[in-house]
Structure formats: C-alpha cells, structure tokens
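**Student:** Input coords-v5.csv, format and content: CSV, C-alpha atoms and all ligand atoms.
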```csv
chain,number,residue,atom,x,y,z
A,1,MET,CA,-16.3,-17.8,-180.2
A,2,ARG,CA,-13.9,-15.2,-178.7
A,3,VAL,CA,-15.3,-12.7,-176.1
A,4,ALA,CA,-13.5,-9.4,-175.7
A,5,ARG,CA,-13.9,-6.4,-173.5
A,6,PHE,CA,-13.0,-3.1,-175.0
A,7,THR,CA,-13.2,0.7,-174.7
A,8,GLN,CA,-13.5,3.5,-177.1
A,9,GLY,CA,-12.7,6.0,-174.4
A,10,SER,CA,-15.8,5.7,-172.3
A,11,ASP,CA,-17.3,2.7,-170.3
A,12,PRO,CA,-16.0,-0.7,-171.2
A,13,ARG,CA,-18.2,-2.9,-173.4
A,14,TYR,CA,-18.2,-6.5,-174.5
A,15,ALA,CA,-17.9,-7.9,-178.0
A,16,LEU,CA,-17.4,-11.1,-180.0
A,17,VAL,CA,-14.3,-11.0,-182.1
A,18,ASP,CA,-15.1,-11.6,-185.8
A,19,GLY,CA,-11.9,-11.4,-187.9
A,20,ASP,CA,-10.7,-7.8,-187.5
A,21,GLU,CA,-14.0,-6.6,-186.2
A,22,LEU,CA,-15.8,-6.5,-182.9
A,23,VAL,CA,-19.4,-7.5,-182.8
A,24,VAL,CA,-20.7,-5.5,-179.9
A,25,ILE,CA,-23.0,-7.3,-177.5
A,26,ALA,CA,-25.3,-6.1,-174.7
A,27,GLY,CA,-24.2,-6.5,-171.1
A,28,ASP,CA,-21.5,-8.8,-169.7
A,29,PRO,CA,-21.7,-12.3,-171.2
A,30,ILE,CA,-20.6,-14.0,-168.0
A,31,TYR,CA,-24.0,-12.9,-166.6
A,32,THR,CA,-26.3,-12.4,-169.6
A,33,PRO,CA,-26.9,-14.3,-172.8
A,34,VAL,CA,-24.9,-13.1,-175.8
A,35,THR,CA,-27.1,-10.6,-177.7
A,36,PRO,CA,-25.5,-8.6,-180.5
A,37,THR,CA,-26.6,-5.0,-180.5
A,38,GLY,CA,-26.1,-4.7,-184.2
A,39,GLU,CA,-23.1,-2.4,-183.9
A,40,ARG,CA,-19.7,-3.4,-185.3
A,41,VAL,CA,-16.4,-1.7,-184.5
A,42,ARG,CA,-13.1,-2.2,-186.3
A,43,LEU,CA,-10.3,-3.5,-184.0
A,44,ASP,CA,-7.8,-1.2,-185.7
A,45,ASP,CA,-10.0,1.9,-185.4
A,46,ASP,CA,-8.3,4.8,-183.6
A,47,GLY,CA,-9.4,4.9,-180.0
A,48,VAL,CA,-10.4,1.2,-179.9
A,49,ARG,CA,-8.5,-0.6,-177.1
A,50,LEU,CA,-8.9,-4.1,-175.8
A,51,LEU,CA,-9.1,-4.4,-172.0
A,52,ALA,CA,-8.5,-7.3,-169.7
A,53,PRO,CA,-11.4,-9.6,-170.8
A,54,VAL,CA,-12.5,-10.0,-167.2
A,55,ILE,CA,-11.8,-8.2,-163.9
A,56,PRO,CA,-11.9,-11.1,-161.4
A,57,ARG,CA,-15.0,-10.6,-159.2
A,58,SER,CA,-13.3,-11.5,-156.0
A,59,LYS,CA,-9.9,-13.2,-156.6
A,60,VAL,CA,-7.3,-14.8,-158.8
A,61,VAL,CA,-6.3,-18.2,-157.4
A,62,ALA,CA,-3.0,-19.4,-158.8
A,63,VAL,CA,-1.3,-22.8,-158.8
A,64,ALA,CA,2.4,-23.1,-158.2
A,65,ARG,CA,4.7,-25.8,-159.6
A,66,ASN,CA,2.1,-27.5,-161.8
A,67,TYR,CA,4.6,-28.5,-164.5
A,68,VAL,CA,7.4,-30.9,-163.5
A,69,ALA,CA,10.0,-29.2,-165.7
A,70,HIS,CA,9.4,-25.8,-164.1
A,71,ALA,CA,9.6,-27.3,-160.5
A,72,GLU,CA,12.9,-28.8,-161.6
A,73,GLU,CA,14.4,-25.5,-162.9
A,74,MET,CA,13.3,-23.9,-159.6
A,75,GLN,CA,14.9,-26.7,-157.7
A,76,VAL,CA,11.8,-27.3,-155.7
A,77,GLU,CA,9.7,-30.5,-155.2
A,78,VAL,CA,6.5,-31.1,-157.2
A,79,PRO,CA,3.8,-30.9,-154.6
A,80,THR,CA,1.6,-33.9,-153.8
A,81,ARG,CA,-1.4,-31.6,-153.7
A,82,PRO,CA,-1.8,-28.3,-155.7
A,83,LEU,CA,0.0,-25.4,-154.0
A,84,LEU,CA,-2.3,-22.4,-154.1
A,85,PHE,CA,-1.7,-18.6,-153.7
A,86,PHE,CA,-3.7,-15.5,-154.5
A,87,LYS,CA,-3.2,-12.6,-156.7
A,88,PRO,CA,-5.5,-9.6,-156.0
A,89,ASN,CA,-7.9,-8.3,-158.7
A,90,THR,CA,-6.0,-5.0,-158.6
A,91,SER,CA,-3.0,-6.9,-160.1
A,92,VAL,CA,-4.9,-7.4,-163.4
A,93,VAL,CA,-4.1,-5.5,-166.5
A,94,GLY,CA,-5.1,-6.0,-170.1
A,95,PRO,CA,-3.4,-6.5,-173.5
A,96,ASP,CA,-0.8,-3.9,-174.3
A,97,ASP,CA,-0.9,-2.4,-170.8
A,98,PRO,CA,2.6,-2.0,-169.3
A,99,VAL,CA,3.9,-4.4,-166.7
A,100,VAL,CA,5.5,-1.9,-164.3
A,101,VAL,CA,8.5,-3.4,-162.5
A,102,PRO,CA,8.4,-2.4,-158.8
A,103,GLN,CA,11.4,-0.5,-157.4
A,104,TRP,CA,11.8,-3.0,-154.6
A,105,SER,CA,12.7,-5.9,-156.9
A,106,GLN,CA,15.8,-6.5,-159.0
A,107,ARG,CA,14.5,-9.7,-160.6
A,108,VAL,CA,11.0,-9.8,-162.2
A,109,GLU,CA,10.2,-12.8,-164.3
A,110,HIS,CA,7.5,-13.9,-166.7
A,111,GLU,CA,5.3,-17.0,-166.2
A,112,GLY,CA,3.0,-17.7,-169.1
A,113,GLU,CA,-0.1,-19.7,-168.1
A,114,LEU,CA,-3.5,-20.9,-169.2
A,115,ALA,CA,-6.2,-19.0,-167.2
A,116,VAL,CA,-9.6,-20.4,-166.4
A,117,VAL,CA,-12.5,-17.9,-166.1
A,118,ILE,CA,-15.2,-19.2,-163.8
A,119,GLY,CA,-18.8,-18.8,-165.0
A,120,LYS,CA,-21.0,-19.7,-162.0
A,121,VAL,CA,-20.9,-19.8,-158.2
A,122,THR,CA,-18.7,-22.9,-157.6
A,123,LYS,CA,-18.4,-24.7,-154.3
A,124,ASP,CA,-17.3,-28.3,-153.7
A,125,VAL,CA,-17.7,-29.2,-157.4
A,126,SER,CA,-16.4,-32.6,-158.6
A,127,PRO,CA,-13.8,-32.8,-161.3
A,128,GLU,CA,-16.4,-34.4,-163.5
A,129,ALA,CA,-18.8,-31.4,-163.0
A,130,ALA,CA,-16.1,-28.7,-163.2
A,131,ALA,CA,-16.3,-28.0,-166.9
A,132,ALA,CA,-19.9,-26.8,-166.5
A,133,HIS,CA,-18.7,-24.1,-164.1
A,134,VAL,CA,-16.2,-22.7,-166.5
A,135,PHE,CA,-17.1,-19.7,-168.7
A,136,GLY,CA,-13.9,-19.9,-170.8
A,137,TYR,CA,-10.2,-19.6,-171.1
A,138,THR,CA,-7.7,-16.9,-171.7
A,139,CYS,CA,-3.9,-16.3,-171.5
A,140,ALA,CA,-2.2,-15.0,-168.3
A,141,ASN,CA,1.2,-13.8,-167.3
A,142,ASP,CA,1.9,-14.6,-163.6
A,143,VAL,CA,4.5,-11.9,-163.3
A,144,THR,CA,6.7,-12.6,-160.3
A,145,ALA,CA,9.3,-10.7,-158.3
A,146,ARG,CA,11.5,-13.7,-158.0
A,147,ASP,CA,14.1,-12.2,-155.6
A,148,VAL,CA,11.3,-11.2,-153.2
A,149,GLN,CA,9.5,-14.5,-153.6
A,150,ARG,CA,12.7,-16.3,-152.5
A,151,ALA,CA,13.2,-13.9,-149.6
A,152,GLU,CA,9.7,-13.9,-148.2
A,153,GLY,CA,7.7,-16.8,-146.9
A,154,GLN,CA,4.4,-15.4,-148.2
A,155,TRP,CA,4.2,-14.5,-151.9
A,156,ALA,CA,1.6,-11.7,-151.6
A,157,ARG,CA,4.1,-9.0,-152.5
A,158,ALA,CA,6.2,-11.0,-154.9
A,159,LYS,CA,3.2,-12.1,-157.0
A,160,GLY,CA,0.4,-9.6,-156.1
A,161,PHE,CA,1.8,-6.2,-157.0
A,162,ASP,CA,0.0,-3.9,-159.4
A,163,THR,CA,0.3,-5.0,-163.0
A,164,SER,CA,1.5,-8.5,-162.1
A,165,CYS,CA,-1.4,-10.2,-163.7
A,166,PRO,CA,-1.9,-9.4,-167.4
A,167,LEU,CA,-4.9,-11.3,-168.8
A,168,GLY,CA,-6.2,-11.5,-172.4
A,169,PRO,CA,-6.5,-10.8,-175.2
A,170,TRP,CA,-10.0,-12.4,-175.0
A,171,ILE,CA,-11.9,-15.3,-173.5
A,172,VAL,CA,-12.6,-18.5,-175.6
A,173,PRO,CA,-15.5,-20.5,-174.2
A,174,ASP,CA,-16.0,-24.2,-175.0
A,175,LEU,CA,-12.4,-25.1,-175.5
A,176,ASP,CA,-10.8,-28.5,-175.0
A,177,VAL,CA,-7.8,-27.5,-172.9
A,178,ASP,CA,-6.3,-31.0,-172.4
A,179,ASP,CA,-3.3,-30.5,-174.7
A,180,LEU,CA,-2.7,-26.9,-175.8
A,181,GLU,CA,0.7,-25.4,-176.5
A,182,VAL,CA,1.8,-22.6,-174.2
A,183,THR,CA,4.6,-20.3,-175.4
A,184,VAL,CA,6.3,-17.2,-174.0
A,185,ARG,CA,8.4,-14.9,-176.1
A,186,VAL,CA,10.4,-11.9,-175.0
A,187,ASN,CA,11.2,-9.4,-177.8
A,188,GLY,CA,10.2,-12.1,-180.2
A,189,GLU,CA,12.6,-14.8,-178.8
A,190,GLN,CA,11.1,-17.9,-177.4
A,191,ARG,CA,11.7,-18.3,-173.7
A,192,GLN,CA,9.0,-20.7,-172.4
A,193,HIS,CA,7.4,-23.7,-174.0
A,194,GLY,CA,5.2,-26.5,-172.8
A,195,ARG,CA,1.8,-28.2,-173.3
A,196,THR,CA,-1.1,-28.2,-170.9
A,197,SER,CA,-1.0,-32.0,-171.1
A,198,GLN,CA,2.2,-31.8,-169.0
A,199,MET,CA,0.3,-30.3,-166.0
A,200,VAL,CA,0.7,-32.3,-162.8
A,201,PHE,CA,-3.0,-31.5,-162.0
A,202,ASP,CA,-5.4,-30.9,-164.9
A,203,VAL,CA,-7.9,-28.1,-165.2
A,204,ALA,CA,-10.9,-30.1,-164.0
A,205,TYR,CA,-9.0,-31.3,-160.9
A,206,LEU,CA,-7.8,-27.8,-160.1
A,207,VAL,CA,-11.3,-26.2,-160.3
A,208,SER,CA,-12.6,-29.0,-158.0
A,209,TYR,CA,-9.7,-28.7,-155.6
A,210,VAL,CA,-9.9,-24.9,-155.4
A,211,SER,CA,-13.7,-25.0,-154.9
A,212,GLU,CA,-13.2,-27.3,-151.8
A,213,ALA,CA,-11.4,-24.4,-150.1
A,214,PHE,CA,-12.9,-21.2,-151.6
A,215,THR,CA,-16.3,-20.4,-153.1
A,216,LEU,CA,-15.5,-19.3,-156.6
A,217,LEU,CA,-17.7,-16.5,-158.0
A,218,PRO,CA,-18.5,-15.8,-161.7
A,219,GLY,CA,-15.6,-13.9,-163.1
A,220,ASP,CA,-13.0,-15.3,-160.7
A,221,VAL,CA,-9.9,-16.7,-162.4
A,222,ILE,CA,-7.6,-19.7,-161.8
A,223,LEU,CA,-4.1,-19.6,-163.2
A,224,THR,CA,-2.9,-23.1,-163.9
A,225,GLY,CA,0.8,-22.9,-163.5
A,226,THR,CA,3.7,-22.2,-165.8
A,227,PRO,CA,5.9,-24.5,-168.0
A,228,ALA,CA,9.7,-24.4,-167.9
A,229,GLY,CA,11.8,-21.5,-169.1
A,230,THR,CA,10.8,-18.6,-166.8
A,231,GLY,CA,13.3,-15.8,-167.0
A,232,PRO,CA,13.9,-12.1,-166.3
A,233,LEU,CA,12.0,-9.1,-167.7
A,234,GLU,CA,13.9,-5.8,-168.3
A,235,HIS,CA,12.8,-2.3,-169.0
A,236,ARG,CA,11.5,-1.9,-172.5
A,237,ASP,CA,11.1,-5.6,-173.1
A,238,VAL,CA,7.9,-6.8,-174.8
A,239,VAL,CA,6.6,-10.1,-173.4
A,240,GLU,CA,4.1,-12.3,-175.2
A,241,VAL,CA,2.1,-15.3,-173.8
A,242,GLU,CA,0.6,-17.4,-176.5
A,243,VAL,CA,-1.8,-20.2,-175.8
A,244,GLU,CA,-2.8,-22.4,-178.8
A,245,GLN,CA,-6.4,-21.8,-180.0
A,246,ILE,CA,-6.7,-18.7,-177.7
A,247,GLY,CA,-4.3,-16.1,-179.0
A,248,THR,CA,-1.4,-13.9,-177.9
A,249,LEU,CA,-1.3,-11.6,-174.9
A,250,ARG,CA,1.3,-8.9,-175.4
A,251,ASN,CA,2.6,-6.4,-172.8
A,252,PRO,CA,5.5,-3.9,-172.7
A,253,VAL,CA,7.7,-3.9,-169.6
A,254,LEU,CA,8.6,-0.6,-167.8
A,255,ARG,CA,10.8,0.3,-164.9
A,256,ARG,CA,9.9,3.8,-163.7
B,301,ZN,ZN,2.7,-19.1,-162.0
```
Spell out the structure here as structure tokens.
**Tutor:**
Amino acid sequence: MRVARFTQGSDPRYALVDGDELVVIAGDPIYTPVTPTGERVRLDDDGVRLLAPVIPRSKVVAVARNYVAHAEEMQVEVPTRPLLFFKPNTSVVGPDDPVVVPQWSQRVEHEGELAVVIGKVTKDVSPEAAAAHVFGYTCANDVTARDVQRAEGQWARAKGFDTSCPLGPWIVPDLDVDDLEVTVRVNGEQRQHGRTSQMVFDVAYLVSYVSEAFTLLPGDVILTGTPAGTGPLEHRDVVEVEVEQIGTLRNPVLRR
C-alpha cells in the first residue's frame, strides 16, 4: 500500500496509489481507517499534484551521524548514543517543490534518508514495541547549509530553514526497513549510496530512544540519518532521493 496526499487546486486529500491512478480515500489515514470514496484520479491529470504525504503534527526529529561512512567523510566521531536535532514542520515541502537555497549560505548539501512516520502517541516505548507505533515510511532529504552548520554550535538555522525537509512521494506502511537501499542522484548522477542495514542505530532503537526524550504525536517524523556521499546542491540542480520499495522523491533546487 502507498498512501499519498494530493491536491487538485483546493484542499488536500488522501489517496492510495494504484499504478498511475489515485484511489481517493475519506479523511486522513493516520487517524481514520482507510475507506475509499469510490473516486479515482489519474496521477498525470492536469492540475493533480502530490504534496508532502504528511505535515508533521509537532516536529521532525532527526538523527545525526547514523552511518559510519558518513561520519568518516565528515571527520567526526560516531556517537555512542544517537545525536538528535529538530527540523521545524515549516521546513517540510513535497515532491517537485523547490528547495530554495538561503542567501546566507554558500554551501547547501543533500542528505537522503529513510523517514519514519509515527502513527500513535508514543512515549517511553521499547524497541520491541516500536513498530506498532509506526504508521509507515517515506523518503526524506535532510537539506543542510553545511557552512552554517560548521560555523554555529546549534543547527537550527543550518538544518531548519524553509524548504530544508522535502518528504515523499508517499508513505508505505508495513514495510520491513532492516535492509533497504538508499540512493541520492543529482541531475541523474549518483551521489549517495548506502543500505539501512548500515545504520549504527536501527529504526526500532531510534523510535524507542527518541520517545524517552519526547512524546511523539501521530504524524511526527523521524529522519534516520544519511549514508556517505553528501555533496553540494546548486541553482537549477534536480535532486532525487530513492529508497528501495518506497519510491523516488524529486526536487528542483533554486537560488533566488
Ligand atoms: Zn541528516
């Protein structure tokens, strides 16, 4: 099952993706059982646009340095505990939305990641019970102003600016995420590559660990860290994050 959020110009609606069609469903599937309305919409119809499949209810919690090879290329230590930071929900954009490079950064980089979408109120959950609190998984780009990240002790600006969190193209529930390929391409050329099996801390552990600090609400999102190969994004680039068995999240890059 693939759960999409889309618009035809008016209020966003939800749908199941069935080939090149959207099977429209009633309500928001994070909160209500999936009930098709009977309406079907073609994905390539004029005016049909996929949106970020979720707008995080309260927060995006992101994990730094969760792949050894990425920590090595950044010349930083692999942490002994997950290193967490926030991205505000105002940083979220959807498929095909532009990543707008801020004027105050000269070095903005892509970080392709597996994203976890929380399905229930989650507090102090064990790793064993974590999967039952997950609604599903999608692709994320943890876009980072690397020069500002290096210059500032807190990463709020470097990783939280508007458009720095593309999510999509849809959410896949009930997915085994232990060993999925994560790939990033820029203008069709592969830049990042890894497998979720290379994570220092796996998804169940991360959900548990995060929930020991913060109450996670339905619709909150956890970004699970990026594999090696991060690199710069330039004006007019097209960046793609592909996670095996989920799909490809594609965004143009603009500097205004
Ligand atoms: Zn990241």
**Student:** Could you list, as a PyMOL selection string, all the residues within 9 Å of ligand ZN 301 (chain B), counting all atoms listed in the file?
**Tutor:** chain A and resi 62-66+110-113+140-144+159+223-227
**Student:** So how far away is CA of Met74 (chain A) from CA of Gln198 (chain A), in Å?
**Tutor:** 16.6 Å
**Student:** If we count all atoms listed in the file and set the cut-off at 6 Å, which residues sit around region 146-155 of chain A, ignoring sequence neighbours fewer than 3 positions away in its own chain? Please answer as a PyMOL selection string.
**Tutor:** chain A and resi 107-108+158-159
**Student:** Using Å and a single decimal, report how far CA of Gln245 (chain A) sits from CA of Leu233 (chain A).
**Tutor:** 25.5 Å
**Student:** Using Å and a single decimal, report how far CA of Pro88 (chain A) sits from CA of Val134 (chain A).
**Tutor:**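 Result for CA of Val134 (chain A) versus CA of Pro88 (chain A): 19.9 Å, one decimal.
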**Student:** From the set A:Val117, A:Leu180, A:Leu16, A:Val239, which residue has the shortest atom-to-atom contact distance to Val60 (chain A), counting all atoms listed in the file?
**Tutor:** A:Val117
**Student:** Using all atoms listed in the file, can you tell me which of A:Val92, A:Val182, A:Leu43, A:Val210 comes closest to Gly194 (chain A)?
**Tutor:**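 Using all atoms listed in the file, the shortest distance to Gly194 (chain A) belongs to A:Val182.
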**Student:** Rank A:Asp45, A:Glu73, A:Glu244, A:Asp162 by their smallest atom-to-atom distance to Thr196 (chain A), using all atoms listed in the file, and report the top residue only.
**Tutor:**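 Under the stated criterion, the closest residue is A:Glu244.
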**Student:** Select, counting only C-alpha atoms, all protein, DNA and RNA residues no farther than 9 Å from (6.2, -18.2, -176.9) in file coordinates, and express the selection as a PyMOL selection string.
**Tutor:** chain A and resi 112+182-186+188-193+239-243+248
**Student:** At a cut-off of 7 Å, using only C-alpha atoms, what residues contact Glu212 (chain A)? Leave out same-chain residues fewer than 4 positions from it and give the result as a count of residues only.
**Tutor:** 3
